[in-house]
>>> print(open('structure.txt').read())   # compact mmCIF, C-alpha atoms and all ligand atoms
# COMPACT_ATOMS: atom_id res chain seq x y z
CA MET A 59 0.00 0.00 0.00
CA ASN A 60 2.74 2.41 0.98
CA MET A 61 4.71 1.41 -2.10
CA MET A 62 1.73 2.17 -4.33
CA LYS A 63 1.30 5.57 -2.77
CA SER A 64 4.91 6.64 -3.20
CA CYS A 65 4.88 5.37 -6.79
CA GLY A 66 1.89 7.56 -7.47
CA ILE A 67 3.67 10.59 -6.05
CA ALA A 68 6.80 9.83 -8.06
CA ALA A 69 4.74 9.58 -11.24
CA ALA A 70 2.92 12.81 -10.49
CA SER A 71 6.15 14.69 -9.84
CA ALA A 72 7.65 13.27 -13.03
CA ILE A 73 4.71 14.68 -15.00
CA LEU A 74 5.00 18.00 -13.20
CA PHE A 75 8.74 18.13 -13.90
CA SER A 76 8.31 17.37 -17.60
CA SER A 77 5.66 20.04 -18.03
CA ILE A 78 7.95 22.62 -16.38
CA ALA A 79 10.79 21.53 -18.67
CA MET A 80 8.48 21.89 -21.67
CA ALA A 81 7.37 25.36 -20.66
CA THR A 82 10.93 26.61 -20.84
CA THR A 83 11.67 24.98 -24.20
CA THR A 84 8.46 25.45 -26.19
CA SER A 85 9.67 28.56 -27.97
CA LYS A 86 8.64 27.84 -31.54
CA VAL A 87 11.30 28.22 -34.18
CA VAL A 88 10.45 29.74 -37.55
CA SER A 89 13.13 29.84 -40.24
CA VAL A 90 13.20 33.01 -42.30
CA SER A 91 15.08 33.08 -45.59
CA LEU A 92 15.80 36.44 -47.24
CA LEU A 93 16.24 36.13 -50.97
CA GLY A 94 16.85 38.38 -53.94
CA GLU A 95 19.44 40.50 -55.70
CA ALA A 96 19.36 44.12 -56.85
CA ASP A 97 16.67 44.85 -59.47
CA GLN A 98 15.39 41.29 -59.33
CA PRO A 99 12.36 39.87 -57.56
CA MET A 100 12.95 39.58 -53.81
CA SER A 101 11.21 37.58 -51.16
CA VAL A 102 10.91 36.65 -47.50
CA LYS A 103 10.35 32.90 -47.22
CA LEU A 104 9.15 31.18 -44.03
CA ASP A 105 9.05 27.51 -43.16
CA ALA A 106 5.80 28.14 -41.25
CA SER A 107 3.31 30.91 -41.94
CA LYS A 108 0.98 30.11 -39.03
CA ILE A 109 1.77 29.26 -35.42
CA LYS A 110 0.11 29.29 -32.01
CA ALA A 111 0.48 32.26 -29.70
CA GLY A 112 3.49 32.27 -27.37
CA PRO A 113 7.24 32.65 -27.55
CA VAL A 114 8.70 32.50 -31.05
CA GLU A 115 12.25 32.47 -32.27
CA PHE A 116 12.74 33.69 -35.83
CA LYS A 117 16.00 32.32 -37.21
CA VAL A 118 16.81 34.69 -40.04
CA SER A 119 19.27 33.98 -42.81
CA ASN A 120 20.25 36.30 -45.64
CA ASP A 121 20.45 33.79 -48.47
CA ALA A 122 21.14 36.40 -51.16
CA ILE A 123 24.41 36.26 -53.08
CA GLY A 124 25.37 39.93 -53.09
CA THR A 125 22.63 41.98 -51.43
CA ASP A 126 22.14 43.15 -47.85
CA HIS A 127 18.74 42.54 -46.30
CA GLU A 128 16.91 42.87 -43.01
CA VAL A 129 13.67 41.67 -41.58
CA VAL A 130 11.15 43.69 -39.58
CA LEU A 131 8.22 42.04 -37.85
CA VAL A 132 5.15 44.25 -37.98
CA LYS A 133 1.74 43.81 -36.35
CA VAL A 134 -1.09 44.58 -38.76
CA LYS A 135 -4.86 44.66 -38.69
CA LYS A 136 -6.64 41.78 -40.38
CA GLY A 137 -6.55 42.31 -44.14
CA GLU A 138 -4.41 45.44 -43.82
CA HIS A 139 -2.06 46.12 -46.68
CA ILE A 140 0.97 48.26 -45.86
CA MET A 141 1.56 50.91 -48.52
CA ALA A 142 5.11 51.89 -49.39
CA ASP A 143 6.08 55.56 -49.48
CA MET A 144 6.48 55.91 -53.26
CA LYS A 145 9.01 58.74 -52.91
CA LYS A 146 11.25 57.01 -50.39
CA HIS A 147 10.63 53.52 -51.75
CA ARG A 148 10.27 52.18 -48.22
CA VAL A 149 7.44 51.66 -45.79
CA ASN A 150 7.19 54.31 -43.08
CA GLU A 151 8.10 52.39 -39.92
CA ASP A 152 6.93 55.29 -37.74
CA THR A 153 3.34 54.51 -38.72
CA LEU A 154 3.68 50.78 -38.07
CA THR A 155 3.72 48.63 -34.96
CA SER A 156 7.13 46.98 -35.06
CA MET A 157 7.62 43.92 -32.86
CA GLY A 158 11.36 43.86 -33.51
CA GLU A 159 13.83 43.30 -36.29
CA VAL A 160 17.07 41.75 -37.40
CA GLY A 161 18.87 44.46 -39.32
CA GLY A 162 21.93 44.87 -41.50
CA LEU A 163 22.39 41.31 -42.67
CA LYS A 164 25.13 40.90 -45.25
CA PRO A 165 24.88 37.95 -47.65
CA GLY A 166 25.35 34.77 -45.63
CA ASP A 167 24.70 36.47 -42.29
CA THR A 168 22.23 35.05 -39.82
CA GLY A 169 20.43 36.52 -36.84
CA THR A 170 17.71 35.69 -34.36
CA LEU A 171 14.65 37.61 -33.24
CA LYS A 172 12.99 36.34 -30.07
CA VAL A 173 9.52 37.63 -29.36
CA LYS A 174 6.35 36.64 -27.59
CA LEU A 175 3.40 36.94 -29.94
CA ALA A 176 -0.29 37.23 -29.24
CA ALA A 177 -2.87 35.96 -31.71
CA GLY A 178 -3.22 38.23 -34.70
CA ASP A 179 -1.89 39.13 -38.11
CA TYR A 180 1.70 40.09 -38.75
CA VAL A 181 3.94 40.86 -41.72
CA LEU A 182 7.66 40.18 -42.04
CA LEU A 183 9.26 42.65 -44.42
CA CYS A 184 12.58 44.04 -45.54
CA ASN A 185 12.68 47.83 -45.54
CA HIS A 186 15.86 48.45 -47.48
CA LYS A 187 15.23 50.90 -50.32
CA ASN A 188 13.02 49.33 -53.05
CA HIS A 189 13.00 45.89 -51.42
CA TYR A 190 9.43 46.01 -50.11
CA GLU A 191 8.17 47.08 -53.54
CA LEU A 192 10.18 44.26 -55.15
CA GLY A 193 8.30 41.73 -53.05
CA MET A 194 10.11 41.45 -49.73
CA ALA A 195 7.14 40.90 -47.46
CA THR A 196 5.17 37.92 -46.32
CA PRO A 197 2.16 37.50 -44.02
CA PHE A 198 2.43 35.62 -40.74
CA THR A 199 -0.53 34.49 -38.65
CA VAL A 200 -0.64 33.72 -34.93
CA THR A 201 -3.62 31.79 -33.61
CA ASN A 202 -4.89 31.12 -30.09
CU CU B 301 15.90 43.31 -48.58
>>> encode(input="structure.txt", output="structure tokens", more="lines below")
Ligand SMILES: [Cu+2]
Amino acid sequence: MNMMKSCGIAAASAILFSSIAMATTTSKVVSVSLLGEADQPMSVKLDASKIKAGPVEFKVSNDAIGTDHEVVLVKVKKGEHIMADMKKHRVNEDTLTSMGEVGGLKPGDTGTLKVKLAAGDYVLLCNHKNHYELGMATPFTVTN
């Protein structure tokens, strides 16, 4: 009887321990690939475009051959399209809700952006001159 009881406690504490361990390691990883050369189509490619709310780690890699890139994570309203400033050929970051960025990536460089995201719609974009207009943006959705 006593044996049974202590086994039960051991099992319960094992479950408790594993759920604590999980809580500290459940940061989801999303790979972000930045692609494109000057005057050619450019893109931000993700290995997951939808995740559940919580901590996220964006592992960003500039996979271009000879062009610097960056990535900015922006919170948007559902269905919102960010317009570029046609004179500056960039989006105006002052009017956007930035959640963070990995800037100044030379070709081959990598960087990480760690954030905690609530459910909603986001966009990952590169705001180097002309890059947004050349296609460097992709939607990202966080669900409950
Ligand atoms: Cu770029």
>>> closest_residue(input="structure.txt", among="A:Leu182, A:Leu171, A:Ile109, A:Ala122", to="Gly94 (chain A)", atoms="all atoms listed in the file")
A:Ala122
>>> residues_near_ligand(input="structure.txt", ligand="ligand CU 301 (chain B)", cutoff="8 Å", atoms="all atoms listed in the file", output="MDAnalysis selection string")
chainID A and resid 92:94 100:101 125:129 183:187 189:190 194
>>> closest_residue(input="structure.txt", among="A:Lys136, A:Lys164, A:Lys174, A:Lys117", to="Lys103 (chain A)", atoms="all atoms listed in the file")
A:Lys117
>>> closest_residue(input="structure.txt", among="A:Gly112, A:Val134, A:Asn120, A:Arg148", to="Gly193 (chain A)", atoms="all atoms listed in the file")
A:Arg148
>>> atom_distance(input="structure.txt", atom1="CA of Ile140 (chain A)", atom2="CA of Ala195 (chain A)")
9.7 Å
>>> atom_distance(input="structure.txt", atom1="CA of Gln98 (chain A)", atom2="CA of His147 (chain A)")
15.2 Å
>>> residues_around(input="structure.txt", residues="Leu175 (chain A)", least_positions_apart="4", cutoff="12 Å", atoms="only C-alpha atoms", output="PDB file with C-alpha atoms, in the frame of the given file")
ATOM      1  CA  SER A  85       9.670  28.560 -27.970  1.00  0.00           C
ATOM      2  CA  LYS A  86       8.640  27.840 -31.540  1.00  0.00           C
ATOM      3  CA  LYS A 108       0.980  30.110 -39.030  1.00  0.00           C
ATOM      4  CA  ILE A 109       1.770  29.260 -35.420  1.00  0.00           C
ATOM      5  CA  LYS A 110       0.110  29.290 -32.010  1.00  0.00           C
ATOM      6  CA  ALA A 111       0.480  32.260 -29.700  1.00  0.00           C
ATOM      7  CA  GLY A 112       3.490  32.270 -27.370  1.00  0.00           C
ATOM      8  CA  PRO A 113       7.240  32.650 -27.550  1.00  0.00           C
ATOM      9  CA  VAL A 114       8.700  32.500 -31.050  1.00  0.00           C
ATOM     10  CA  GLU A 115      12.250  32.470 -32.270  1.00  0.00           C
ATOM     11  CA  PHE A 116      12.740  33.690 -35.830  1.00  0.00           C
ATOM     12  CA  LEU A 131       8.220  42.040 -37.850  1.00  0.00           C
ATOM     13  CA  VAL A 132       5.150  44.250 -37.980  1.00  0.00           C
ATOM     14  CA  LYS A 133       1.740  43.810 -36.350  1.00  0.00           C
ATOM     15  CA  SER A 156       7.130  46.980 -35.060  1.00  0.00           C
ATOM     16  CA  MET A 157       7.620  43.920 -32.860  1.00  0.00           C
ATOM     17  CA  GLY A 158      11.360  43.860 -33.510  1.00  0.00           C
ATOM     18  CA  LEU A 171      14.650  37.610 -33.240  1.00  0.00           C
ATOM     19  CA  ASP A 179      -1.890  39.130 -38.110  1.00  0.00           C
ATOM     20  CA  TYR A 180       1.700  40.090 -38.750  1.00  0.00           C
ATOM     21  CA  PHE A 198       2.430  35.620 -40.740  1.00  0.00           C
ATOM     22  CA  THR A 199      -0.530  34.490 -38.650  1.00  0.00           C
ATOM     23  CA  VAL A 200      -0.640  33.720 -34.930  1.00  0.00           C
ATOM     24  CA  THR A 201      -3.620  31.790 -33.610  1.00  0.00           C
ATOM     25  CA  ASN A 202      -4.890  31.120 -30.090  1.00  0.00           C
TER      26      ASN A 202
END
>>> atom_distance(input="structure.txt", atom1="CA of Val181 (chain A)", atom2="CA of Pro197 (chain A)")
4.4 Å
